[in-house]
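Colleague: Take this structure, written in structure tokens, and hold onto it; I'll ask about it next.
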Amino acid sequence: MALLIRNGEIVTVGSRVQADIYVENETITGIGKDPETPPNTEVIDASGKLVFPGFIDPHVHIYLPFMATFAKDTHETGSIAALIGGTTTYIEMCCPNRNDDAFEGYQLWKSKAEGKSACDYAFHMSVTKFVKETESQLRQIVADGTASFKIFLAYKNFFGVDDGEMYQTLELAKRLGVIVTAHCENAELVARLQQKLVAEGKTGPEWHEPSRPESVEAEGTGRFATFLENTGATGYVVHLSCEQALRAALGAKARGVKINVESVLPHFLLDKSYAERPGVEGMKHVMSPPLRAKHNQTALWNALAGGSIDTVGTDHCPFDTEQKLLGKDSFVNIPNGIPGIEDRVNLLYTHGVQRGRLDLDRFVDAASTRAAKLFGLYPRKGTIAVGSDADLVVYDTNYRGVVSAKSHHVNNDYSGFEGMLIEGRPSVVTVRGKVQVRDGKFVGERGRGKMLKREPSHFCL
Ligand code: URP
Ligand code: ZN
Ligand code: ZN
């Protein structure tokens, strides 16, 4: 059925316009005033509301075997939570570990999503070792439409690659025109500091941050940048958490290194005092890189407002209370991760736009458009234009609510953002022209989501 969204204020990067959006066959076919519409058109009145392009979360974990357990969401639960929060596309980290076959891993991750996700999705393919068959497998994976890689400089002996493997991955990525995303922490230093702290009897969650200090992240970020500089590949630092690491990335950018920066919701809103709470309350806030000293948040917000942090993801990674307690005797065993897929847009809008830290243009760019451009989805996703997929978020800026595990849709028994106010939420969310969400409720079609095939786009001399 055709769809007409009337009288909303359409917000895209560089433009705000009051107009109607007409949709047919999953795509936007007209933007203007009072278009002629066939009699059976579904009409949504967006008067007094903003209309955004569907938001894109460039960093989520849905299926994830990690730290002796599995992240809690499935694509059924994760995609519904995402949509209720206005995210219409997510990019999942496909994370086979060093002992797994990469191509089998890729097929497994795809099978977990296919026919299950209610929103569109894509993958970043993790390269967790570089062996004889890696190049041909990665070529096949890129040909299948997965045109971005992921490397971990942390998580020694599990996901982590050494410098040689990083070099080989970047060198191949450069030839293939593929962007490489990277978790930047020095694995050796983390392992040594963990051992030292535990030997001193410092085993609570409050010691997680000191085991991965800012300098350890800055070193990883700087080293990744140096490898980009010397291979000519294009990179993307994931979940950057602190000013020291930001300086390393921006210093490299100023030298001409092709490096892009993501930070994630927890690092803007939560600080290390959350992980210092006693017992399991602290464990709930253990992620890597860790929550940092509060002063870092000012640096992150400023860099985001100015565009030198490109995107805001979530690093959605839900482990419930019971799983967090795997680390009750040592912080080293606390499954790392905080859920956030449902809250990113509303909390970023509230604490960014409503609090005057972020203009609307940068908000839509950081939460949607920039990720679409970097990861080969633009202009199909990330904008509102004739020919784009009709992924639309009619946003009610007058809504007032509170984030809580009691009402969220993520498959987890706690929220990292419990009790935070939201000032705005989607009233209607569409995926390729189909209404999937109305006023905080999923009303759509499960399994509607498609895997998005992406072409490599990072070719340069
Ligand atoms: O703590 C985190 N970030 N957990 C998920 C794995 C990762 O490093 O992205
Ligand atoms: Zn990571
Ligand atoms: Zn992650």
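Starting from 1 in every chain, residues are counted up; chains themselves are A, B, ... following the order of the structure tokens, and ligands are numbered from 1 as listed.
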Taking only C-alpha atoms and all ligand atoms into account, list the residues no farther than 8 Å from ligand 2, as an MDAnalysis selection string.

Modeller: chainID A and resid 152 154 182:184 238:239 288:289 315

Colleague: Okay, now the selection with all heavy atoms, as an mmCIF file, in the first residue's frame?

Modeller:
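Saved the output as again_16.cif:
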```
data_model
loop_
_atom_site.group_PDB
_atom_site.id
_atom_site.type_symbol
_atom_site.label_atom_id
_atom_site.label_comp_id
_atom_site.auth_asym_id
_atom_site.auth_seq_id
_atom_site.Cartn_x
_atom_site.Cartn_y
_atom_site.Cartn_z
ATOM 1 N N PHE A 152 40.189 -6.327 16.260
ATOM 2 C CA PHE A 152 40.310 -6.042 17.691
ATOM 3 C C PHE A 152 41.796 -6.014 18.019
ATOM 4 O O PHE A 152 42.495 -7.006 17.782
ATOM 5 C CB PHE A 152 39.671 -7.157 18.528
ATOM 6 C CG PHE A 152 38.168 -7.265 18.405
ATOM 7 C CD1 PHE A 152 37.594 -8.046 17.401
ATOM 8 C CD2 PHE A 152 37.324 -6.623 19.307
ATOM 9 C CE1 PHE A 152 36.212 -8.178 17.304
ATOM 10 C CE2 PHE A 152 35.946 -6.748 19.219
ATOM 11 C CZ PHE A 152 35.386 -7.522 18.213
ATOM 12 N N ALA A 154 42.459 -5.500 21.131
ATOM 13 C CA ALA A 154 42.332 -6.036 22.500
ATOM 14 C C ALA A 154 41.891 -7.501 22.435
ATOM 15 O O ALA A 154 41.854 -8.091 21.366
ATOM 16 C CB ALA A 154 41.307 -5.217 23.264
ATOM 17 N N ALA A 182 38.018 -0.646 14.048
ATOM 18 C CA ALA A 182 38.976 -1.231 15.000
ATOM 19 C C ALA A 182 38.660 -0.883 16.444
ATOM 20 O O ALA A 182 38.366 0.267 16.772
ATOM 21 C CB ALA A 182 40.391 -0.768 14.673
ATOM 22 N N HIS A 183 38.733 -1.918 17.278
ATOM 23 C CA HIS A 183 38.701 -1.746 18.743
ATOM 24 C C HIS A 183 40.155 -1.518 19.148
ATOM 25 O O HIS A 183 40.995 -2.411 19.021
ATOM 26 C CB HIS A 183 38.123 -3.014 19.378
ATOM 27 C CG HIS A 183 38.158 -3.029 20.876
ATOM 28 N ND1 HIS A 183 37.096 -3.453 21.635
ATOM 29 C CD2 HIS A 183 39.124 -2.687 21.767
ATOM 30 C CE1 HIS A 183 37.400 -3.361 22.919
ATOM 31 N NE2 HIS A 183 38.643 -2.908 23.026
ATOM 32 N N CYS A 184 40.431 -0.321 19.662
ATOM 33 C CA CYS A 184 41.829 0.087 19.870
ATOM 34 C C CYS A 184 42.209 0.112 21.354
ATOM 35 O O CYS A 184 41.979 1.106 22.047
ATOM 36 C CB CYS A 184 42.041 1.471 19.259
ATOM 37 S SG CYS A 184 41.760 1.504 17.487
ATOM 38 N N VAL A 238 36.286 2.356 16.635
ATOM 39 C CA VAL A 238 34.985 2.149 17.288
ATOM 40 C C VAL A 238 35.059 2.541 18.757
ATOM 41 O O VAL A 238 36.122 2.564 19.365
ATOM 42 C CB VAL A 238 34.483 0.686 17.158
ATOM 43 C CG1 VAL A 238 34.251 0.321 15.705
ATOM 44 C CG2 VAL A 238 35.406 -0.304 17.835
ATOM 45 N N HIS A 239 33.925 2.827 19.310
ATOM 46 C CA HIS A 239 33.699 3.138 20.730
ATOM 47 C C HIS A 239 34.831 3.879 21.428
ATOM 48 O O HIS A 239 35.271 3.493 22.515
ATOM 49 C CB HIS A 239 33.257 1.899 21.515
ATOM 50 C CG HIS A 239 34.115 0.658 21.413
ATOM 51 N ND1 HIS A 239 35.477 0.698 21.314
ATOM 52 C CD2 HIS A 239 33.767 -0.659 21.450
ATOM 53 C CE1 HIS A 239 35.929 -0.553 21.274
ATOM 54 N NE2 HIS A 239 34.919 -1.377 21.348
ATOM 55 N N SER A 288 34.229 -2.359 27.511
ATOM 56 C CA SER A 288 35.583 -1.983 27.093
ATOM 57 C C SER A 288 35.532 -1.261 25.752
ATOM 58 O O SER A 288 34.832 -1.728 24.859
ATOM 59 C CB SER A 288 36.457 -3.229 26.940
ATOM 60 O OG SER A 288 36.611 -3.848 28.193
ATOM 61 N N PRO A 289 36.306 -0.149 25.609
ATOM 62 C CA PRO A 289 37.023 0.550 26.656
ATOM 63 C C PRO A 289 36.066 0.946 27.774
ATOM 64 O O PRO A 289 34.875 1.140 27.531
ATOM 65 C CB PRO A 289 37.586 1.778 25.953
ATOM 66 C CG PRO A 289 37.545 1.468 24.490
ATOM 67 C CD PRO A 289 36.442 0.507 24.297
ATOM 68 N N ASP A 315 27.327 0.080 20.620
ATOM 69 C CA ASP A 315 28.045 -1.103 21.113
ATOM 70 C C ASP A 315 27.088 -1.941 21.968
ATOM 71 O O ASP A 315 27.500 -2.516 22.974
ATOM 72 C CB ASP A 315 29.298 -0.697 21.893
ATOM 73 C CG ASP A 315 30.279 -1.853 22.040
ATOM 74 O OD1 ASP A 315 30.059 -2.900 21.411
ATOM 75 O OD2 ASP A 315 31.242 -1.689 22.805
#
```

Colleague: Going by DSSP on the backbone, which residues of stretch 273-351 of chain A come out as helix (DSSP H, G or I)? List them as a PyMOL selection string.

Modeller: chain A and resi 273-275+280-283+295-306+321-327+331-333+344-351

Colleague: Hey, which residues sit close to ligand 1? Say within 10 Å, counting only C-alpha atoms and all ligand atoms, and write them as a compact mmCIF listing (two decimals) with all heavy atoms, in the first residue's frame.

Modeller:
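This is the output file result.txt:
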```txt
# COMPACT_ATOMS: atom_id res chain seq x y z
N HIS A 59 27.16 -0.02 15.20
CA HIS A 59 27.95 -0.92 16.05
C HIS A 59 27.05 -1.62 17.06
O HIS A 59 26.75 -1.06 18.12
CB HIS A 59 29.03 -0.10 16.77
CG HIS A 59 29.98 -0.92 17.61
ND1 HIS A 59 31.18 -0.42 18.07
CD2 HIS A 59 29.92 -2.20 18.07
CE1 HIS A 59 31.80 -1.34 18.78
NE2 HIS A 59 31.05 -2.43 18.81
N VAL A 60 26.61 -2.81 16.71
CA VAL A 60 25.83 -3.60 17.67
C VAL A 60 26.34 -5.04 17.71
O VAL A 60 26.96 -5.53 16.77
CB VAL A 60 24.30 -3.61 17.34
CG1 VAL A 60 23.76 -2.21 17.15
CG2 VAL A 60 23.98 -4.47 16.13
N HIS A 61 26.07 -5.68 18.83
CA HIS A 61 26.29 -7.12 18.97
C HIS A 61 24.93 -7.74 19.28
O HIS A 61 24.28 -7.34 20.24
CB HIS A 61 27.25 -7.42 20.12
CG HIS A 61 28.59 -6.77 19.94
ND1 HIS A 61 29.62 -7.37 19.24
CD2 HIS A 61 29.07 -5.57 20.35
CE1 HIS A 61 30.67 -6.56 19.24
NE2 HIS A 61 30.37 -5.46 19.90
N LEU A 64 26.40 -13.11 19.99
CA LEU A 64 27.81 -12.94 20.41
C LEU A 64 28.21 -13.95 21.48
O LEU A 64 27.86 -13.80 22.64
CB LEU A 64 28.05 -11.52 20.94
CG LEU A 64 29.53 -11.23 21.31
CD1 LEU A 64 30.42 -11.22 20.07
CD2 LEU A 64 29.67 -9.93 22.08
N PHE A 66 30.85 -14.84 23.90
CA PHE A 66 31.92 -13.97 24.41
C PHE A 66 32.04 -14.17 25.92
O PHE A 66 31.03 -14.22 26.62
CB PHE A 66 31.52 -12.52 24.09
CG PHE A 66 32.53 -11.46 24.45
CD1 PHE A 66 33.88 -11.63 24.18
CD2 PHE A 66 32.12 -10.27 25.02
CE1 PHE A 66 34.80 -10.63 24.49
CE2 PHE A 66 33.01 -9.26 25.33
CZ PHE A 66 34.37 -9.44 25.06
N MET A 67 33.24 -14.32 26.40
CA MET A 67 33.55 -14.43 27.83
C MET A 67 32.69 -15.50 28.51
O MET A 67 32.01 -15.25 29.50
CB MET A 67 33.40 -13.06 28.51
CG MET A 67 34.37 -12.04 27.92
SD MET A 67 34.41 -10.48 28.79
CE MET A 67 35.33 -10.89 30.26
N ALA A 71 25.64 -13.12 24.44
CA ALA A 71 24.82 -11.92 24.61
C ALA A 71 23.35 -12.32 24.50
O ALA A 71 23.00 -13.26 23.80
CB ALA A 71 25.19 -10.87 23.57
N MET A 93 28.41 -6.65 14.44
CA MET A 93 29.77 -7.18 14.37
C MET A 93 29.68 -8.70 14.25
O MET A 93 29.17 -9.35 15.17
CB MET A 93 30.55 -6.82 15.65
CG MET A 93 30.71 -5.35 15.90
SD MET A 93 31.80 -4.62 14.65
CE MET A 93 31.59 -2.87 15.03
N CYS A 95 31.52 -11.83 14.67
CA CYS A 95 32.71 -12.03 15.51
C CYS A 95 33.07 -13.50 15.75
O CYS A 95 33.04 -13.96 16.91
CB CYS A 95 32.50 -11.38 16.87
SG CYS A 95 32.45 -9.60 16.86
N LYS A 150 36.37 -5.66 10.64
CA LYS A 150 36.56 -5.25 12.03
C LYS A 150 37.80 -5.95 12.55
O LYS A 150 37.97 -7.15 12.32
CB LYS A 150 35.33 -5.70 12.85
CG LYS A 150 35.49 -5.65 14.38
CD LYS A 150 35.38 -4.24 14.89
CE LYS A 150 35.57 -4.12 16.40
NZ LYS A 150 34.42 -4.57 17.16
N PHE A 152 40.19 -6.33 16.26
CA PHE A 152 40.31 -6.04 17.69
C PHE A 152 41.80 -6.01 18.02
O PHE A 152 42.50 -7.01 17.78
CB PHE A 152 39.67 -7.16 18.53
CG PHE A 152 38.17 -7.27 18.40
CD1 PHE A 152 37.59 -8.05 17.40
CD2 PHE A 152 37.32 -6.62 19.31
CE1 PHE A 152 36.21 -8.18 17.30
CE2 PHE A 152 35.95 -6.75 19.22
CZ PHE A 152 35.39 -7.52 18.21
N LEU A 153 42.26 -4.92 18.58
CA LEU A 153 43.63 -4.91 19.08
C LEU A 153 43.64 -5.40 20.53
O LEU A 153 44.70 -5.66 21.09
CB LEU A 153 44.24 -3.51 18.98
CG LEU A 153 44.14 -2.85 17.58
CD1 LEU A 153 44.97 -1.58 17.53
CD2 LEU A 153 44.55 -3.79 16.47
N ALA A 154 42.46 -5.50 21.13
CA ALA A 154 42.33 -6.04 22.50
C ALA A 154 41.89 -7.50 22.44
O ALA A 154 41.85 -8.09 21.37
CB ALA A 154 41.31 -5.22 23.26
N TYR A 155 41.57 -8.06 23.60
CA TYR A 155 41.08 -9.43 23.73
C TYR A 155 42.09 -10.44 23.15
O TYR A 155 41.81 -11.22 22.22
CB TYR A 155 39.69 -9.61 23.07
CG TYR A 155 38.65 -8.62 23.51
CD1 TYR A 155 37.91 -7.89 22.58
CD2 TYR A 155 38.39 -8.39 24.86
CE1 TYR A 155 36.94 -6.97 22.96
CE2 TYR A 155 37.42 -7.46 25.26
CZ TYR A 155 36.70 -6.76 24.32
OH TYR A 155 35.75 -5.85 24.70
N PHE A 159 39.66 -12.62 20.23
CA PHE A 159 39.35 -11.88 19.00
C PHE A 159 40.59 -11.14 18.49
O PHE A 159 40.63 -10.70 17.34
CB PHE A 159 38.29 -10.80 19.26
CG PHE A 159 36.91 -11.29 19.63
CD1 PHE A 159 36.15 -10.60 20.57
CD2 PHE A 159 36.35 -12.39 19.01
CE1 PHE A 159 34.87 -11.01 20.90
CE2 PHE A 159 35.06 -12.82 19.34
CZ PHE A 159 34.33 -12.12 20.28
N ALA A 182 38.02 -0.65 14.05
CA ALA A 182 38.98 -1.23 15.00
C ALA A 182 38.66 -0.88 16.44
O ALA A 182 38.37 0.27 16.77
CB ALA A 182 40.39 -0.77 14.67
N HIS A 183 38.73 -1.92 17.28
CA HIS A 183 38.70 -1.75 18.74
C HIS A 183 40.15 -1.52 19.15
O HIS A 183 40.99 -2.41 19.02
CB HIS A 183 38.12 -3.01 19.38
CG HIS A 183 38.16 -3.03 20.88
ND1 HIS A 183 37.10 -3.45 21.63
CD2 HIS A 183 39.12 -2.69 21.77
CE1 HIS A 183 37.40 -3.36 22.92
NE2 HIS A 183 38.64 -2.91 23.03
N CYS A 184 40.43 -0.32 19.66
CA CYS A 184 41.83 0.09 19.87
C CYS A 184 42.21 0.11 21.35
O CYS A 184 41.98 1.11 22.05
CB CYS A 184 42.04 1.47 19.26
SG CYS A 184 41.76 1.50 17.49
N GLU A 185 42.78 -0.97 21.84
CA GLU A 185 43.42 -1.00 23.16
C GLU A 185 44.62 -1.93 23.04
O GLU A 185 44.57 -2.92 22.30
CB GLU A 185 42.48 -1.57 24.23
CG GLU A 185 41.30 -0.72 24.61
CD GLU A 185 40.44 -1.40 25.67
OE1 GLU A 185 39.88 -2.49 25.38
OE2 GLU A 185 40.31 -0.87 26.77
N VAL A 238 36.29 2.36 16.64
CA VAL A 238 34.99 2.15 17.29
C VAL A 238 35.06 2.54 18.76
O VAL A 238 36.12 2.56 19.37
CB VAL A 238 34.48 0.69 17.16
CG1 VAL A 238 34.25 0.32 15.70
CG2 VAL A 238 35.41 -0.30 17.84
N HIS A 239 33.93 2.83 19.31
CA HIS A 239 33.70 3.14 20.73
C HIS A 239 34.83 3.88 21.43
O HIS A 239 35.27 3.49 22.51
CB HIS A 239 33.26 1.90 21.52
CG HIS A 239 34.11 0.66 21.41
ND1 HIS A 239 35.48 0.70 21.31
CD2 HIS A 239 33.77 -0.66 21.45
CE1 HIS A 239 35.93 -0.55 21.27
NE2 HIS A 239 34.92 -1.38 21.35
N VAL A 264 30.31 5.90 21.51
CA VAL A 264 29.05 5.19 21.74
C VAL A 264 28.32 5.78 22.94
O VAL A 264 28.93 6.39 23.83
CB VAL A 264 29.28 3.66 21.89
CG1 VAL A 264 29.73 3.06 20.58
CG2 VAL A 264 30.26 3.33 23.00
N HIS A 285 27.94 -2.09 34.60
CA HIS A 285 28.51 -0.97 33.83
C HIS A 285 29.94 -1.24 33.39
O HIS A 285 30.70 -0.31 33.14
CB HIS A 285 28.39 0.32 34.65
CG HIS A 285 26.96 0.75 34.82
ND1 HIS A 285 26.21 0.42 35.92
CD2 HIS A 285 26.13 1.42 33.99
CE1 HIS A 285 24.99 0.89 35.78
NE2 HIS A 285 24.91 1.50 34.61
N VAL A 286 30.27 -2.52 33.28
CA VAL A 286 31.60 -2.88 32.77
C VAL A 286 31.51 -3.12 31.28
O VAL A 286 30.74 -3.95 30.81
CB VAL A 286 32.14 -4.13 33.51
CG1 VAL A 286 33.32 -4.74 32.77
CG2 VAL A 286 32.56 -3.73 34.93
N MET A 287 32.26 -2.32 30.55
CA MET A 287 32.41 -2.50 29.10
C MET A 287 33.84 -2.09 28.76
O MET A 287 34.55 -1.54 29.60
CB MET A 287 31.41 -1.62 28.34
CG MET A 287 31.65 -0.13 28.50
SD MET A 287 30.53 0.91 27.54
CE MET A 287 31.05 0.57 25.85
N SER A 288 34.23 -2.36 27.51
CA SER A 288 35.58 -1.98 27.09
C SER A 288 35.53 -1.26 25.75
O SER A 288 34.83 -1.73 24.86
CB SER A 288 36.46 -3.23 26.94
OG SER A 288 36.61 -3.85 28.19
N PRO A 289 36.31 -0.15 25.61
CA PRO A 289 37.02 0.55 26.66
C PRO A 289 36.07 0.95 27.77
O PRO A 289 34.87 1.14 27.53
CB PRO A 289 37.59 1.78 25.95
CG PRO A 289 37.55 1.47 24.49
CD PRO A 289 36.44 0.51 24.30
N PRO A 290 36.61 1.08 28.99
CA PRO A 290 35.73 1.30 30.15
C PRO A 290 35.10 2.68 30.19
O PRO A 290 35.58 3.60 29.53
CB PRO A 290 36.69 1.16 31.33
CG PRO A 290 38.03 0.87 30.80
CD PRO A 290 38.03 1.04 29.32
N LEU A 291 34.07 2.79 31.02
CA LEU A 291 33.53 4.12 31.34
C LEU A 291 34.66 4.91 32.00
O LEU A 291 35.42 4.37 32.79
CB LEU A 291 32.34 3.99 32.27
CG LEU A 291 31.15 3.21 31.69
CD1 LEU A 291 30.02 3.10 32.71
CD2 LEU A 291 30.64 3.85 30.39
N THR A 314 26.02 2.33 19.57
CA THR A 314 25.71 1.91 20.95
C THR A 314 26.74 0.93 21.50
O THR A 314 26.95 0.87 22.70
CB THR A 314 24.35 1.18 21.04
OG1 THR A 314 24.33 0.13 20.08
CG2 THR A 314 23.22 2.15 20.82
N ASP A 315 27.33 0.08 20.62
CA ASP A 315 28.04 -1.10 21.11
C ASP A 315 27.09 -1.94 21.97
O ASP A 315 27.50 -2.52 22.97
CB ASP A 315 29.30 -0.70 21.89
CG ASP A 315 30.28 -1.85 22.04
OD1 ASP A 315 30.06 -2.90 21.41
OD2 ASP A 315 31.24 -1.69 22.80
N HIS A 316 25.83 -1.96 21.52
CA HIS A 316 24.80 -2.73 22.23
C HIS A 316 25.31 -4.15 22.50
O HIS A 316 25.66 -4.87 21.56
CB HIS A 316 23.54 -2.79 21.35
CG HIS A 316 22.44 -3.63 21.91
ND1 HIS A 316 21.68 -3.24 22.98
CD2 HIS A 316 21.97 -4.85 21.54
CE1 HIS A 316 20.78 -4.17 23.25
NE2 HIS A 316 20.94 -5.17 22.39
N CYS A 317 25.35 -4.54 23.74
CA CYS A 317 25.92 -5.84 24.08
C CYS A 317 25.33 -6.29 25.41
O CYS A 317 25.91 -6.06 26.47
CB CYS A 317 27.44 -5.69 24.15
SG CYS A 317 28.28 -7.28 24.19
N PRO A 318 24.13 -6.90 25.36
CA PRO A 318 23.40 -7.17 26.61
C PRO A 318 23.81 -8.48 27.28
O PRO A 318 23.68 -9.56 26.71
CB PRO A 318 21.94 -7.26 26.13
CG PRO A 318 22.01 -7.69 24.71
CD PRO A 318 23.35 -7.27 24.16
N PHE A 319 24.30 -8.36 28.51
CA PHE A 319 24.48 -9.52 29.39
C PHE A 319 23.65 -9.22 30.64
O PHE A 319 23.70 -8.10 31.15
CB PHE A 319 25.95 -9.71 29.76
CG PHE A 319 26.81 -10.07 28.57
CD1 PHE A 319 27.69 -9.15 28.03
CD2 PHE A 319 26.72 -11.34 28.00
CE1 PHE A 319 28.47 -9.48 26.92
CE2 PHE A 319 27.50 -11.67 26.89
CZ PHE A 319 28.38 -10.74 26.35
N ILE A 334 34.05 -10.53 34.18
CA ILE A 334 32.72 -9.91 33.98
C ILE A 334 32.49 -9.77 32.47
O ILE A 334 33.29 -9.12 31.79
CB ILE A 334 32.66 -8.49 34.61
CG1 ILE A 334 32.97 -8.53 36.10
CG2 ILE A 334 31.28 -7.86 34.35
CD1 ILE A 334 33.19 -7.14 36.72
N PRO A 335 31.43 -10.37 31.94
CA PRO A 335 31.19 -10.18 30.50
C PRO A 335 31.07 -8.68 30.18
O PRO A 335 30.30 -7.96 30.81
CB PRO A 335 29.87 -10.92 30.25
CG PRO A 335 29.79 -11.92 31.36
CD PRO A 335 30.42 -11.26 32.55
N ASN A 336 31.86 -8.26 29.22
CA ASN A 336 31.93 -6.83 28.89
C ASN A 336 30.75 -6.42 28.03
O ASN A 336 30.47 -7.07 27.01
CB ASN A 336 33.19 -6.54 28.05
CG ASN A 336 34.49 -6.56 28.83
OD1 ASN A 336 35.49 -6.05 28.35
ND2 ASN A 336 34.51 -7.14 30.01
N GLY A 337 30.08 -5.36 28.38
CA GLY A 337 29.05 -4.83 27.49
C GLY A 337 27.89 -4.20 28.24
O GLY A 337 27.58 -4.59 29.37
N ILE A 338 27.28 -3.23 27.57
CA ILE A 338 26.11 -2.53 28.11
C ILE A 338 25.08 -2.46 26.97
O ILE A 338 25.45 -2.12 25.84
CB ILE A 338 26.49 -1.09 28.56
CG1 ILE A 338 27.56 -1.15 29.67
CG2 ILE A 338 25.27 -0.31 29.04
CD1 ILE A 338 28.02 0.21 30.19
N PRO A 339 23.80 -2.77 27.26
CA PRO A 339 22.80 -2.64 26.19
C PRO A 339 22.44 -1.18 25.93
O PRO A 339 22.58 -0.35 26.83
CB PRO A 339 21.60 -3.40 26.74
CG PRO A 339 21.77 -3.43 28.22
CD PRO A 339 23.24 -3.30 28.51
```

Colleague: In Å to one decimal, how far is atom CA of A:Glu262 from atom CA of A:Gly313?

Modeller: 6.8 Å

Colleague: What is the distance, in Å and to one decimal place, between atom CA of A:Ala367 and atom CA of A:Asp57?

Modeller: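 According to the coordinates, atom CA of A:Ala367 and atom CA of A:Asp57 are separated by 7.0 Å.
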
Colleague: Quick one: residues within 8 Å of A:Ser211, only C-alpha atoms, excluding same-chain residues fewer than 3 positions away - as a list in words?

Modeller: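 So, after excluding close chain neighbours, the residues are Val190, Leu193, Gln194, Leu197, Trp207 and His208 of chain A.
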
Colleague: Could you save those same residues with C-alpha atoms as a short mmCIF file (atom, residue, chain, number, x, y, z; two decimals), in the first residue's frame?

Modeller:
```cif
data_model
loop_
_atom_site.label_atom_id
_atom_site.label_comp_id
_atom_site.auth_asym_id
_atom_site.auth_seq_id
_atom_site.Cartn_x
_atom_site.Cartn_y
_atom_site.Cartn_z
CA VAL A 190 45.60 -4.91 29.45
CA LEU A 193 47.63 -4.80 34.27
CA GLN A 194 44.79 -7.25 34.90
CA LEU A 197 45.67 -5.83 39.95
CA TRP A 207 39.34 -2.11 38.96
CA HIS A 208 38.21 -2.71 35.38
#
```

Colleague: A:Lys49: which residues within 8 Å, counting only C-alpha atoms, same-chain residues fewer than 3 positions away excluded, as an mmCIF file with N, CA, C and O atoms, in the first residue's frame?

Modeller:
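File part_17.cif, as written:
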```
data_model
loop_
_atom_site.group_PDB
_atom_site.id
_atom_site.type_symbol
_atom_site.label_atom_id
_atom_site.label_comp_id
_atom_site.auth_asym_id
_atom_site.auth_seq_id
_atom_site.Cartn_x
_atom_site.Cartn_y
_atom_site.Cartn_z
ATOM 1 N N GLY A 8 4.827 17.112 8.101
ATOM 2 C CA GLY A 8 5.941 17.059 9.054
ATOM 3 C C GLY A 8 7.042 18.026 8.645
ATOM 4 O O GLY A 8 7.069 18.529 7.517
ATOM 5 N N GLU A 9 7.950 18.287 9.577
ATOM 6 C CA GLU A 9 9.137 19.068 9.235
ATOM 7 C C GLU A 9 10.266 18.079 8.954
ATOM 8 O O GLU A 9 10.760 17.402 9.869
ATOM 9 N N ALA A 46 1.780 14.136 10.416
ATOM 10 C CA ALA A 46 3.003 14.440 11.179
ATOM 11 C C ALA A 46 3.042 15.916 11.591
ATOM 12 O O ALA A 46 4.120 16.434 11.913
ATOM 13 N N VAL A 394 8.950 9.534 12.381
ATOM 14 C CA VAL A 394 8.152 10.712 12.748
ATOM 15 C C VAL A 394 8.372 10.908 14.244
ATOM 16 O O VAL A 394 8.049 10.017 15.048
ATOM 17 N N TYR A 395 8.974 12.037 14.601
ATOM 18 C CA TYR A 395 9.509 12.187 15.961
ATOM 19 C C TYR A 395 8.737 13.222 16.749
ATOM 20 O O TYR A 395 8.573 14.373 16.325
ATOM 21 N N ASP A 396 8.293 12.808 17.934
ATOM 22 C CA ASP A 396 7.497 13.674 18.809
ATOM 23 C C ASP A 396 8.431 14.302 19.844
ATOM 24 O O ASP A 396 8.845 13.641 20.799
ATOM 25 N N THR A 397 8.732 15.570 19.660
ATOM 26 C CA THR A 397 9.679 16.241 20.565
ATOM 27 C C THR A 397 9.005 16.644 21.878
ATOM 28 O O THR A 397 9.686 17.108 22.796
#
```

Colleague: For ligand 3, which of A:Leu304, A:Ile62, A:Ile259, A:Ile80 is the closest residue, counting only C-alpha atoms and all ligand atoms?

Modeller: A:Ile62

Colleague: Which residue out of A:Ala82, A:Ala199, A:Met125, A:Leu4 has the minimum interatomic distance to A:Val437 when only C-alpha atoms are used?

Modeller: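 When distances to A:Val437 are compared using only C-alpha atoms, the smallest one comes from A:Ala82.
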
Colleague: Taking only C-alpha atoms into account, which of A:Pro96, A:Glu200, A:Gly177, A:Ala2 comes nearest A:Thr27?

Modeller: A:Ala2

Colleague: Could you pull the residues within 9 Å of A:Gly449, counting only C-alpha atoms, minus those fewer than 6 positions along the same chain, as a ChimeraX atom specification?

Modeller: /A:79,88-89,113-121,431

Colleague: Just the residues within 8 Å of A:Arg438, please, counting only C-alpha atoms, with nothing from its chain fewer than 6 positions along; format it as a ChimeraX atom specification.

Modeller: /A:426-429

Colleague: For the selection you just gave me, I'd like the residues written to a file as a PDB file, in the first residue's frame, keeping N, CA, C and O atoms.

Modeller:
```
ATOM      1  N   PRO A 426      10.121   8.461  18.971  1.00  0.00           N
ATOM      2  CA  PRO A 426       9.422   8.264  17.711  1.00  0.00           C
ATOM      3  C   PRO A 426       7.944   7.993  17.943  1.00  0.00           C
ATOM      4  O   PRO A 426       7.602   7.230  18.851  1.00  0.00           O
ATOM      5  N   SER A 427       7.097   8.640  17.137  1.00  0.00           N
ATOM      6  CA  SER A 427       5.683   8.238  17.227  1.00  0.00           C
ATOM      7  C   SER A 427       5.336   7.267  16.107  1.00  0.00           C
ATOM      8  O   SER A 427       4.456   6.431  16.285  1.00  0.00           O
ATOM      9  N   VAL A 428       6.027   7.372  14.981  1.00  0.00           N
ATOM     10  CA  VAL A 428       5.845   6.374  13.907  1.00  0.00           C
ATOM     11  C   VAL A 428       7.228   6.053  13.338  1.00  0.00           C
ATOM     12  O   VAL A 428       8.049   6.943  13.146  1.00  0.00           O
ATOM     13  N   VAL A 429       7.457   4.764  13.086  1.00  0.00           N
ATOM     14  CA  VAL A 429       8.718   4.346  12.446  1.00  0.00           C
ATOM     15  C   VAL A 429       8.355   3.424  11.286  1.00  0.00           C
ATOM     16  O   VAL A 429       7.596   2.460  11.475  1.00  0.00           O
TER      17      VAL A 429
END
```
